[in-house]
Amino acid sequence: MGIVPMANAYVTAYAQSPGYVNSGPGVGLGSSGSSSTQKNSWDVSDIGEYPVDSGVSLDAWAYADTGGVAVTAMTVSDEVPEGCVQSTAMEVEDPIVADEAMYTYAALKSDIAELQKRYSGKLKVRSLVKTPDGRDVYELILGNEKAPTHILIEASIHAREYITTNLCMKQIEYLLYFYDDGCYDGKPLKTWFNDVCVHFVPMANPDGVSISQYGLSGLQSTALRSTVEKAYLDDVASGYTTLDMGTYLQRWKANARGVNLNQNFDAMFEFASGMATVPSSEDYRGPYAESEPETKALADLYDSRVWRAVLHYHAQGQILYWDIENNKMREHSRDLSNNIMLVTGYQKAVAGGGGGFKEYVQLCDRPAASVTVEMGAGTCPLPGSQMPTIWAQNKFVVLTAMKWAHDKFAGT
Ligand SMILES: [Zn+2]
């Protein structure tokens with residue numbers, strides 16, 4: 001079981017016999033930067049050297065390599081690529097972004113300010129739009145804005161899925177922390193960020209998030225409170241919900257005007273699956289495409305430049321949606337989703353419907369590869385206790401998308 005000295009940090013992975021059911025993919029790498037730690041002993045077979053910095057999760061790699069055998073133990077070497085002080089297999093020390101049971105708009109604002117202070121000059125922030133209830137939809141930018149390649153990552157367009165914002169903020173801090181002396185795929189992160197600029201919209205629907213977290217008191221506008229109250233009464237009257245109002249509001253998915261923003265884009269809008277014809281917690285697509293300022297702001301951001309990859313974080317299901325009818329970027333979207341599948345261990349799937357941001361990206365005049373990543377398991381809002389698993393699965397997703405976009409499009 002020797003460690004092969006390579007210009008990278010390597011582990012040797014062991015697998016239990018076929019048929020073993022793993023409790024979840026991706027777990028185990030974590031902060032394993034220490035030397036030769038064997039975590040378990042089993043009747044095992046050596047299945048080879050696993051490249052830590054490849055961006056592929058250990059379990060996903062093992063599954064691909066062994067045809068469905070779960071990895072249960074590993075050893076790790078300290079080899080670090082030349083020119084890199086640290087490996088990205090490490091974790092952030094003394095992080096600003098905490099794993100929150102309920103990641104709020106206030107936490108977002110405060111974390112952005114703290115990150116800008118600690119990582120001076122490395123994180124650019126701008127507001128894309130003011131929401132109907134007066135909040136900012138932020139765009140956070142890492143890397144060289146004049147880079148040839150740009151990718152976009154968006155989260156919490158659905159209110160109750162606010163755990164996706166917590167993940168994106170952790171991804172941002174992770175990249176900032178290793179910006180100067182980390183490396184990925186044998187290349188310093190500084191070089192990566194010179195080549196690829198990464199844009200995040202970590203909370204696309206802050207009004208809706210506030211409703212899901214605080215109920216009616218999460219809204220400042222009395223008119224919008226009335227809209228939301230009326231949506232509840234209408235949904236009760238039509239038999240759409242039997243929930244009490246508190247639970248109904250916790251499961252709110254729309255914006256404060258009762259429009260599902262991910263059915264409001266100008267892309268197969270007529271096929272948006274929403275059944276409701278009036279404002280609702282989740283099933284109203286709006287009076288017309290891009291009627292909502294949040295939707296319009298995302299569409300305008302997208303239209304403002306050429307993008308090479310766009311990821312949409314949703315919860316839940318541990319699934320990747322990558323295709324749509326008449327997808328103009330089918331091959332690229334499939335390829336990108338395959339790479340993300342290897343990192344996360346999530347299954348690929350296809351969904352119908354229309355009016356979503358992914359559909360917009362794949363059907364518009366300047367289309368890009370696009371994947372919806374459904375993280376976590378269970379009923380939304382997901383408990384914060386899922387974050388360690390979600391983090392292990394999604395830690396390398398941004399770097400994977402950066403590398404994919406750069407390899408595919410640099411020089412084109
Ligand atoms: Zn969603």
# chains A, B, ... in the order shown; residues from 1 in each chain; ligands from 1
>>> residues_near_ligand(ligand="ligand 1", cutoff="8 Å", atoms="only C-alpha atoms and all ligand atoms", output="ChimeraX atom specification")
/A:156-158,161,253,262,313-316,374
>>> residues_around(residues="Leu219 of chain A", least_positions_apart="3", cutoff="9 Å", atoms="only C-alpha atoms", output="MDAnalysis selection string")
chainID A and resid 133 207 210:211 214:216 222 224:225 256
>>> write_last_selection(atoms="N, CA and C atoms", output="mmCIF file, in the first residue's frame")
data_model
loop_
_atom_site.group_PDB
_atom_site.id
_atom_site.type_symbol
_atom_site.label_atom_id
_atom_site.label_comp_id
_atom_site.auth_asym_id
_atom_site.auth_seq_id
_atom_site.Cartn_x
_atom_site.Cartn_y
_atom_site.Cartn_z
ATOM 1 N N ASP A 133 -39.408 44.414 -1.198
ATOM 2 C CA ASP A 133 -39.417 44.754 0.227
ATOM 3 C C ASP A 133 -38.132 45.481 0.651
ATOM 4 N N ASP A 207 -36.205 38.535 -0.026
ATOM 5 C CA ASP A 207 -37.523 38.758 0.603
ATOM 6 C C ASP A 207 -38.176 37.423 0.958
ATOM 7 N N SER A 210 -36.637 35.782 3.914
ATOM 8 C CA SER A 210 -37.090 36.388 5.174
ATOM 9 C C SER A 210 -38.474 35.885 5.575
ATOM 10 N N ILE A 211 -39.354 35.662 4.582
ATOM 11 C CA ILE A 211 -40.682 35.106 4.886
ATOM 12 C C ILE A 211 -40.536 33.693 5.444
ATOM 13 N N TYR A 214 -38.925 34.142 9.073
ATOM 14 C CA TYR A 214 -39.578 34.961 10.110
ATOM 15 C C TYR A 214 -41.084 35.104 9.937
ATOM 16 N N GLY A 215 -41.661 34.487 8.911
ATOM 17 C CA GLY A 215 -43.092 34.647 8.687
ATOM 18 C C GLY A 215 -43.416 36.068 8.242
ATOM 19 N N LEU A 216 -44.639 36.507 8.533
ATOM 20 C CA LEU A 216 -45.070 37.846 8.090
ATOM 21 C C LEU A 216 -44.191 38.945 8.666
ATOM 22 N N THR A 222 -46.328 46.712 4.648
ATOM 23 C CA THR A 222 -47.642 46.186 5.048
ATOM 24 C C THR A 222 -48.413 45.677 3.832
ATOM 25 N N LEU A 224 -47.146 44.186 1.228
ATOM 26 C CA LEU A 224 -46.640 42.845 0.895
ATOM 27 C C LEU A 224 -47.088 41.813 1.927
ATOM 28 N N ARG A 225 -47.182 42.230 3.190
ATOM 29 C CA ARG A 225 -47.734 41.307 4.201
ATOM 30 C C ARG A 225 -49.151 40.900 3.822
ATOM 31 N N ALA A 256 -41.769 37.969 -2.331
ATOM 32 C CA ALA A 256 -42.780 38.567 -1.446
ATOM 33 C C ALA A 256 -44.061 38.927 -2.197
#
>>> select_by_dssp(residues="segment 190-311 of chain A", states="strand (DSSP E or B)", output="list of chain:residue names")
A:Val196, A:Cys197, A:Val198, A:His199, A:Phe200, A:Val201, A:Ala309, A:Val310, A:Leu311
>>> closest_residue(among="A:Tyr179, A:Phe357, A:Tyr346, A:Phe409", to="Ser370 of chain A", atoms="only C-alpha atoms")
A:Phe357
>>> residues_around(residues="Arg160 of chain A", least_positions_apart="4", cutoff="10 Å", atoms="only C-alpha atoms", output="ChimeraX atom specification")
/A:156,164,205,208-213,249-254,314-315,379-382
>>> residues_around(residues="Glu139 of chain A", least_positions_apart="2", cutoff="12 Å", atoms="only C-alpha atoms", output="ChimeraX atom specification")
/A:108-109,112,123-129,136-137,141-142,152-155,168-169,172,198-204,297-298,301-302
>>> closest_residue(among="A:Ser337, A:Thr389, A:Asn194, A:Asn166", to="Pro148 of chain A", atoms="only C-alpha atoms")
A:Asn194
>>> closest_atom_pairs(of="segment 71-171 of chain A", to="segment 282-292 of chain A", cutoff="10 Å", atoms="only C-alpha atoms", output="CSV")
residue,atom,partner,partner_atom,distance
A:Thr131,CA,A:Glu292,CA,8.8
A:Pro132,CA,A:Glu292,CA,8.7
A:His158,CA,A:Glu282,CA,8.6
A:Ala159,CA,A:Glu282,CA,9.4
>>> write_last_selection(atoms="N, CA and C atoms", output="PDB file, in the first residue's frame")
ATOM      1  N   THR A 131     -35.135  44.716  -3.973  1.00  0.00           N
ATOM      2  CA  THR A 131     -36.326  43.864  -4.051  1.00  0.00           C
ATOM      3  C   THR A 131     -37.571  44.667  -3.681  1.00  0.00           C
ATOM      4  N   PRO A 132     -38.751  44.120  -3.939  1.00  0.00           N
ATOM      5  CA  PRO A 132     -39.989  44.829  -3.562  1.00  0.00           C
ATOM      6  C   PRO A 132     -40.037  45.211  -2.078  1.00  0.00           C
ATOM      7  N   HIS A 158     -35.227  30.084  -4.602  1.00  0.00           N
ATOM      8  CA  HIS A 158     -36.384  29.558  -3.873  1.00  0.00           C
ATOM      9  C   HIS A 158     -36.168  29.806  -2.374  1.00  0.00           C
ATOM     10  N   ALA A 159     -37.141  30.493  -1.776  1.00  0.00           N
ATOM     11  CA  ALA A 159     -36.978  31.027  -0.428  1.00  0.00           C
ATOM     12  C   ALA A 159     -36.548  29.981   0.607  1.00  0.00           C
TER      13      ALA A 159
END
>>> decode(residues="segment 359-400 of chain A", atoms="N, CA and C atoms", output="compact mmCIF listing (two decimals), in the first residue's frame")
# COMPACT_ATOMS: atom_id res chain seq x y z
N GLU A 359 -33.27 27.10 -17.81
CA GLU A 359 -33.86 27.07 -19.15
C GLU A 359 -33.47 28.33 -19.92
N TYR A 360 -33.51 29.45 -19.22
CA TYR A 360 -33.15 30.72 -19.86
C TYR A 360 -31.72 30.65 -20.40
N VAL A 361 -30.81 30.14 -19.56
CA VAL A 361 -29.39 30.07 -19.94
C VAL A 361 -29.19 29.13 -21.13
N GLN A 362 -29.96 28.05 -21.15
CA GLN A 362 -29.75 27.04 -22.20
C GLN A 362 -30.50 27.33 -23.49
N LEU A 363 -31.45 28.25 -23.45
CA LEU A 363 -32.28 28.49 -24.63
C LEU A 363 -32.08 29.87 -25.25
N CYS A 364 -31.38 30.77 -24.56
CA CYS A 364 -31.28 32.15 -25.05
C CYS A 364 -30.30 32.25 -26.22
N ASP A 365 -30.12 33.45 -26.72
CA ASP A 365 -29.29 33.66 -27.92
C ASP A 365 -27.80 33.44 -27.66
N ARG A 366 -27.36 33.68 -26.42
CA ARG A 366 -25.95 33.41 -26.08
C ARG A 366 -25.93 32.36 -24.97
N PRO A 367 -26.24 31.12 -25.31
CA PRO A 367 -26.43 30.09 -24.27
C PRO A 367 -25.11 29.67 -23.63
N ALA A 368 -25.24 29.06 -22.47
CA ALA A 368 -24.07 28.52 -21.76
C ALA A 368 -24.42 27.16 -21.18
N ALA A 369 -23.38 26.40 -20.88
CA ALA A 369 -23.59 25.14 -20.16
C ALA A 369 -24.19 25.47 -18.80
N SER A 370 -25.15 24.67 -18.36
CA SER A 370 -25.86 25.02 -17.13
C SER A 370 -26.34 23.76 -16.41
N VAL A 371 -26.20 23.78 -15.10
CA VAL A 371 -26.61 22.63 -14.29
C VAL A 371 -27.28 23.12 -13.01
N THR A 372 -28.40 22.52 -12.67
CA THR A 372 -29.04 22.75 -11.38
C THR A 372 -28.55 21.68 -10.41
N VAL A 373 -28.01 22.13 -9.27
CA VAL A 373 -27.51 21.21 -8.26
C VAL A 373 -28.48 21.21 -7.08
N GLU A 374 -29.16 20.11 -6.88
CA GLU A 374 -30.11 19.96 -5.78
C GLU A 374 -29.38 19.30 -4.61
N MET A 375 -29.08 20.08 -3.59
CA MET A 375 -28.30 19.54 -2.46
C MET A 375 -29.21 19.08 -1.32
N GLY A 376 -28.66 18.21 -0.49
CA GLY A 376 -29.35 17.83 0.75
C GLY A 376 -30.47 16.83 0.54
N ALA A 377 -31.08 16.43 1.68
CA ALA A 377 -32.14 15.43 1.64
C ALA A 377 -33.20 15.77 2.69
N GLY A 378 -34.45 15.48 2.37
CA GLY A 378 -35.53 15.69 3.33
C GLY A 378 -36.41 16.86 2.94
N THR A 379 -37.12 17.41 3.92
CA THR A 379 -38.06 18.49 3.66
C THR A 379 -37.42 19.84 3.94
N CYS A 380 -37.60 20.79 3.00
CA CYS A 380 -37.08 22.14 3.20
C CYS A 380 -38.00 22.94 4.12
N PRO A 381 -37.46 23.89 4.91
CA PRO A 381 -36.03 24.19 5.04
C PRO A 381 -35.25 23.04 5.68
N LEU A 382 -34.10 22.74 5.08
CA LEU A 382 -33.27 21.66 5.59
C LEU A 382 -32.60 22.07 6.90
N PRO A 383 -32.44 21.13 7.83
CA PRO A 383 -31.74 21.46 9.08
C PRO A 383 -30.26 21.75 8.82
N GLY A 384 -29.70 22.67 9.60
CA GLY A 384 -28.29 23.01 9.46
C GLY A 384 -27.37 21.82 9.69
N SER A 385 -27.90 20.79 10.36
CA SER A 385 -27.07 19.61 10.65
C SER A 385 -26.62 18.89 9.37
N GLN A 386 -27.25 19.22 8.24
CA GLN A 386 -26.83 18.56 6.99
C GLN A 386 -25.59 19.22 6.37
N MET A 387 -25.20 20.38 6.91
CA MET A 387 -24.14 21.14 6.25
C MET A 387 -22.81 20.39 6.13
N PRO A 388 -22.35 19.66 7.17
CA PRO A 388 -21.07 18.96 6.99
C PRO A 388 -21.07 18.01 5.79
N THR A 389 -22.15 17.28 5.61
CA THR A 389 -22.25 16.38 4.45
C THR A 389 -22.31 17.18 3.16
N ILE A 390 -23.16 18.22 3.15
CA ILE A 390 -23.30 19.06 1.96
C ILE A 390 -21.96 19.70 1.61
N TRP A 391 -21.23 20.14 2.63
CA TRP A 391 -19.94 20.78 2.40
C TRP A 391 -18.95 19.79 1.76
N ALA A 392 -18.89 18.59 2.33
CA ALA A 392 -17.97 17.59 1.78
C ALA A 392 -18.31 17.28 0.32
N GLN A 393 -19.57 17.30 0.00
CA GLN A 393 -19.98 16.98 -1.37
C GLN A 393 -19.74 18.14 -2.34
N ASN A 394 -19.81 19.38 -1.83
CA ASN A 394 -19.83 20.55 -2.72
C ASN A 394 -18.61 21.45 -2.63
N LYS A 395 -17.67 21.06 -1.78
CA LYS A 395 -16.50 21.91 -1.55
C LYS A 395 -15.73 22.20 -2.83
N PHE A 396 -15.62 21.22 -3.70
CA PHE A 396 -14.80 21.38 -4.90
C PHE A 396 -15.62 21.71 -6.16
N VAL A 397 -16.90 21.96 -5.99
CA VAL A 397 -17.76 22.17 -7.17
C VAL A 397 -17.35 23.42 -7.95
N VAL A 398 -17.05 24.51 -7.24
CA VAL A 398 -16.71 25.75 -7.92
C VAL A 398 -15.41 25.59 -8.71
N LEU A 399 -14.40 24.99 -8.07
CA LEU A 399 -13.13 24.78 -8.75
C LEU A 399 -13.30 23.82 -9.93
N THR A 400 -14.17 22.85 -9.77
CA THR A 400 -14.45 21.92 -10.87
C THR A 400 -15.05 22.66 -12.06
